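A.B. asks: Please read through the structure below; I'll follow up with questions.
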Amino acid sequence: MADDLTVFEVFGRERKGEPHRHAGSLRAADAQMAVVLAQELFCRRKEYVQIWVVPRTAIHWAPDGDAPLGPEPQRVYRIGEGYRGTVEKWKRFGGDGDASRG
Amino acid sequence: MPLGDELSAEGRAALGEYLLLMADDELVIGHRDSEWCAFAPLIEEDVAFASIAQDEISHAALFYELIESMRGLGRDQLAFGRPASEMRNATLLERENGDWAFTIARHYLYDLADELRLEQLAKCHLPTLRAVAERIRREEHYHLEHGAMWLVRLSRGGSEARSRVQAALERVVRESRGLFQPMAWEQILVAEGVIAARPSHLYQEFRERAGTALATCGLRMPPDVPPGEHPRGRTGGHTPELRELLQTMGEVWRSDPTASW
């Protein structure tokens, strides 16, 4: 039986409006079987409002190597970490520190 | 208000009987399903079927708890402390697992029968019972989907799978009549408005739904068995397979019934 099986990657959405995140993988004969099995395999200890299954062969990836992909580390304005001090600065200039109000 | 307080003494006794019957069905099939763990056709199915087994046993626990609230008998005592002659489950559910085809045929057809009585209970005028039925149905919906998925695959899985599943259906359908064994107390539950019709009268509806489901897989619905040949597990007419099951299932509990696990 194992020879006829396809590997599926399973993605689950925990709450409405949230993105699907990778939950794991499984083998099944087809997508419908993968959906049925994924519900028991991945919804046992965690609740999802929706799950997707994707055949692993449908996934393509950028070349991986030693160097990280994406922006150079010094270009901090491109990544969230670069704004860590924003709340402090906002307070110093008289705001109430609620950075979410922009 | 404790369950059944609005019923007459006779009505409460009848309700206790019905709950015990459903609890025993779920416990026994749950135990059989659990025996597949590590032997299912693929490891993913090991996890899925073990999870289904846990669901069935947890449904049994819900029913035993309701009985406990009415009669004061502990649920472990109810589940593990009774001899085969006092178990109310249908004989179909106590049968040894056999092959995967028999397991799937029984799993699917039993869940169809279970769905029929839960549909009825979900309309019950006792709020506790209605809530329990609705909760169980949410999980049983998935079990049916799982059973149908396998039934379709076995029916299309080549001649060996197909002939095995058809042979399994002959056995399962013949014995499924026992799920609808008429019980004297059914009429009391109808008279007191707990359920709209006698559970044994759901048999024709069961055969229709099963026939439709099997037809979509190109499988044949086996003929009905003549009256008089119906299994009578609900009144203690069990097979030696149940005694063996109870022996295994209750082994740890019997080693010290007062232990707290």
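We label chains A, B, ... in the order they appear in the structure tokens, count residues from 1 in each chain, and number ligands from 1 in the order shown.
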Counting only C-alpha atoms, what are the residues of chain B within 9 Å of chain A, and for each of them which pair of atoms is the nearest and at what distance in Å, to one decimal? Sort the table by chain and rising number, as a tab-separated table.
C.D. replies:
residue	atom	partner	partner_atom	distance
B:Pro41	CA	A:Met1	CA	7.5
B:Leu42	CA	A:Ala2	CA	7.3
B:Ile43	CA	A:Arg27	CA	8.7
B:Glu44	CA	A:Leu37	CA	6.8
B:Glu45	CA	A:Leu37	CA	7.0
B:Val47	CA	A:Leu41	CA	6.4
B:Ala48	CA	A:Glu40	CA	5.0
B:Phe49	CA	A:Glu40	CA	8.3
B:Ser51	CA	A:Glu40	CA	6.6
B:Ile52	CA	A:Glu40	CA	8.1
B:Tyr142	CA	A:Val36	CA	8.1
B:Glu145	CA	A:Val36	CA	7.3
B:His146	CA	A:Val36	CA	6.1
B:Met149	CA	A:Met33	CA	6.6
B:Trp150	CA	A:Met33	CA	8.3
A.B. asks: Dump as JSON lines the rows for residues of segment 8-68 of chain B within 12 Å of segment 116-122 of chain B: closest atom pair and distance in Å with one decimal, only C-alpha atoms counted, ordered by chain and rising residue number.
C.D. replies:
{"residue": "B:Leu15", "atom": "CA", "partner": "B:Leu121", "partner_atom": "CA", "distance": 11.4}
{"residue": "B:Tyr18", "atom": "CA", "partner": "B:Arg117", "partner_atom": "CA", "distance": 10.7}
{"residue": "B:Leu19", "atom": "CA", "partner": "B:Leu121", "partner_atom": "CA", "distance": 10.9}
{"residue": "B:Leu21", "atom": "CA", "partner": "B:Arg117", "partner_atom": "CA", "distance": 11.7}
{"residue": "B:Met22", "atom": "CA", "partner": "B:Arg117", "partner_atom": "CA", "distance": 9.4}
{"residue": "B:His59", "atom": "CA", "partner": "B:Leu118", "partner_atom": "CA", "distance": 11.6}
A.B. asks: Find the spatial neighbours of Val53 of chain A, counting only C-alpha atoms, within a cut-off of 7 Å - ignore same-chain residues fewer than 5 positions away - and output them as a VMD selection string.
C.D. replies: chain A and resid 8 to 11 31 34 to 35
A.B. asks: Give me the residues near Ala105 of chain B as a compact mmCIF listing (two decimals) with N, CA and C atoms, in the first residue's frame, where near means some atom within 7 Å (using only C-alpha atoms) and where sequence neighbours in that chain fewer than 4 positions away do not count.
C.D. replies:
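That gives us result_11.txt:
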# COMPACT_ATOMS: atom_id res chain seq x y z
N ALA B 101 -11.77 -4.79 5.84
CA ALA B 101 -13.05 -4.62 5.14
C ALA B 101 -14.22 -4.80 6.12
N LEU B 109 -21.67 1.23 8.93
CA LEU B 109 -23.10 0.95 9.12
C LEU B 109 -23.52 1.20 10.57
N VAL B 165 -15.01 -6.53 0.77
CA VAL B 165 -15.92 -5.58 1.40
C VAL B 165 -17.37 -6.03 1.18
N ALA B 168 -17.99 -8.75 3.66
CA ALA B 168 -18.12 -8.16 4.99
C ALA B 168 -19.51 -7.57 5.18
N LEU B 169 -20.00 -6.91 4.11
CA LEU B 169 -21.33 -6.29 4.20
C LEU B 169 -22.41 -7.34 4.44
N VAL B 172 -22.24 -8.02 8.08
CA VAL B 172 -22.61 -6.86 8.92
C VAL B 172 -24.10 -6.57 8.82
A.B. asks: Of the candidates B:Glu241, B:Glu26, B:Glu160, B:Asp5, which shows the shortest atom-to-atom distance to Arg88 of chain B, using only C-alpha atoms?
C.D. replies: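 Counting only C-alpha atoms, the residue closest to Arg88 of chain B is B:Glu26.
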A.B. asks: Check the smallest atom-to-atom distance from each of B:Leu27, B:Leu112, B:Ile57, B:Arg71 to Gly211 of chain B using only C-alpha atoms, then report the winner.
C.D. replies: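 For Gly211 of chain B, the nearest of the given residues is B:Leu112.
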A.B. asks: Atom CA of Met249 of chain B and atom CA of Ala167 of chain B, how far apart in Å?
C.D. replies: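 According to the coordinates, atom CA of Ala167 of chain B and atom CA of Met249 of chain B are separated by 28.4 Å.
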A.B. asks: Do you have the atom CA of His238 of chain B-atom CA of Ala84 of chain B distance handy?
C.D. replies: 6.9 Å
A.B. asks: Looking only at the backbone, which of the residues in segment 77-198 of chain B does DSSP tag as alpha helix (DSSP H), as a PyMOL selection string?
C.D. replies: chain B and resi 77-80+91-94+100-121+127-155+159-176+186-191
A.B. asks: Using atom CA of Tyr110 of chain B and atom CA of Pro231 of chain B as the two end points, give the distance in Å to one decimal.
C.D. replies: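 Atom CA of Pro231 of chain B lies 14.8 Å from atom CA of Tyr110 of chain B.
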A.B. asks: Need to verify the contact set: Phe80 of chain B, 8 Å, only C-alpha atoms, exclusion of same-chain residues closer than 6 positions in sequence. Can you return it as a PyMOL selection string?
C.D. replies: chain B and resi 246+249-250+253-254
A.B. asks: Please report, as a tab-separated table (two decimals) with N, CA, C and O atoms, in the first residue's frame, each residue of chain A to which DSSP assigns strand (DSSP E or B) when run on this structure's backbone.
C.D. replies:
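After the write, out06.tsv holds the following:
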chain	number	residue	atom	x	y	z
A	6	THR	N	0.84	9.32	-1.55
A	6	THR	CA	1.42	10.62	-1.87
A	6	THR	C	1.64	11.37	-0.56
A	6	THR	O	0.82	11.26	0.35
A	7	VAL	N	2.71	12.13	-0.49
A	7	VAL	CA	2.92	12.95	0.71
A	7	VAL	C	2.19	14.28	0.52
A	7	VAL	O	2.32	14.93	-0.51
A	8	PHE	N	1.41	14.63	1.52
A	8	PHE	CA	0.70	15.90	1.52
A	8	PHE	C	1.21	16.75	2.67
A	8	PHE	O	1.45	16.25	3.77
A	9	GLU	N	1.36	18.05	2.42
A	9	GLU	CA	1.66	18.99	3.50
A	9	GLU	C	0.33	19.55	3.98
A	9	GLU	O	-0.56	19.85	3.17
A	10	VAL	N	0.18	19.66	5.29
A	10	VAL	CA	-1.10	20.08	5.87
A	10	VAL	C	-0.94	21.48	6.48
A	10	VAL	O	0.02	21.75	7.20
A	11	PHE	N	-1.87	22.36	6.16
A	11	PHE	CA	-1.88	23.72	6.69
A	11	PHE	C	-3.19	23.95	7.42
A	11	PHE	O	-4.24	23.59	6.93
A	12	GLY	N	-3.09	24.55	8.60
A	12	GLY	CA	-4.30	24.77	9.39
A	12	GLY	C	-4.49	26.23	9.76
A	12	GLY	O	-3.52	26.95	10.00
A	13	ARG	N	-5.76	26.63	9.80
A	13	ARG	CA	-6.10	28.00	10.22
A	13	ARG	C	-6.77	27.89	11.59
A	13	ARG	O	-7.77	27.20	11.75
A	21	ARG	N	-1.25	28.04	8.70
A	21	ARG	CA	0.15	27.78	9.03
A	21	ARG	C	0.44	26.30	8.87
A	21	ARG	O	-0.45	25.46	9.05
A	22	HIS	N	1.68	25.99	8.58
A	22	HIS	CA	2.05	24.59	8.37
A	22	HIS	C	1.82	23.78	9.63
A	22	HIS	O	2.25	24.16	10.72
A	23	ALA	N	1.11	22.67	9.52
A	23	ALA	CA	0.80	21.85	10.69
A	23	ALA	C	1.62	20.56	10.70
A	23	ALA	O	1.91	20.00	11.75
A	24	GLY	N	2.00	20.09	9.52
A	24	GLY	CA	2.75	18.84	9.43
A	24	GLY	C	2.51	18.18	8.09
A	24	GLY	O	2.01	18.83	7.17
A	25	SER	N	2.85	16.91	7.99
A	25	SER	CA	2.63	16.22	6.72
A	25	SER	C	2.11	14.82	6.98
A	25	SER	O	2.20	14.30	8.09
A	26	LEU	N	1.55	14.22	5.95
A	26	LEU	CA	1.04	12.85	6.07
A	26	LEU	C	1.05	12.21	4.69
A	26	LEU	O	1.24	12.89	3.68
A	27	ARG	N	0.82	10.88	4.67
A	27	ARG	CA	0.68	10.17	3.41
A	27	ARG	C	-0.77	9.74	3.24
A	27	ARG	O	-1.42	9.34	4.19
A	28	ALA	N	-1.25	9.83	1.99
A	28	ALA	CA	-2.61	9.38	1.70
A	28	ALA	C	-2.68	9.00	0.23
A	28	ALA	O	-1.79	9.36	-0.55
A	50	GLN	N	-10.17	25.57	9.71
A	50	GLN	CA	-10.05	25.06	8.35
A	50	GLN	C	-8.68	24.44	8.15
A	50	GLN	O	-7.70	24.88	8.75
A	51	ILE	N	-8.64	23.41	7.34
A	51	ILE	CA	-7.33	22.87	6.99
A	51	ILE	C	-7.21	22.71	5.47
A	51	ILE	O	-8.20	22.47	4.78
A	52	TRP	N	-6.00	22.89	4.99
A	52	TRP	CA	-5.68	22.66	3.58
A	52	TRP	C	-4.71	21.50	3.49
A	52	TRP	O	-3.85	21.34	4.36
A	53	VAL	N	-4.80	20.72	2.44
A	53	VAL	CA	-3.75	19.76	2.14
A	53	VAL	C	-3.20	20.07	0.75
A	53	VAL	O	-3.95	20.42	-0.15
A	54	VAL	N	-1.90	19.99	0.63
A	54	VAL	CA	-1.23	20.31	-0.64
A	54	VAL	C	-0.24	19.20	-0.94
A	54	VAL	O	0.58	18.86	-0.07
A	55	PRO	N	-0.30	18.61	-2.14
A	55	PRO	CA	0.70	17.59	-2.44
A	55	PRO	C	2.10	18.20	-2.37
A	55	PRO	O	2.32	19.32	-2.88
A.B. asks: Looking at only C-alpha atoms, which of B:Thr248, B:Arg207, B:Pro199, B:Leu126 is the one that sits closest to Arg32 of chain B?
C.D. replies: B:Thr248
A.B. asks: Of the residues B:Gly228, B:Gly218, B:Pro240, B:Pro2, which is the one nearest to Ser155 of chain B, using only C-alpha atoms?
C.D. replies: B:Gly218
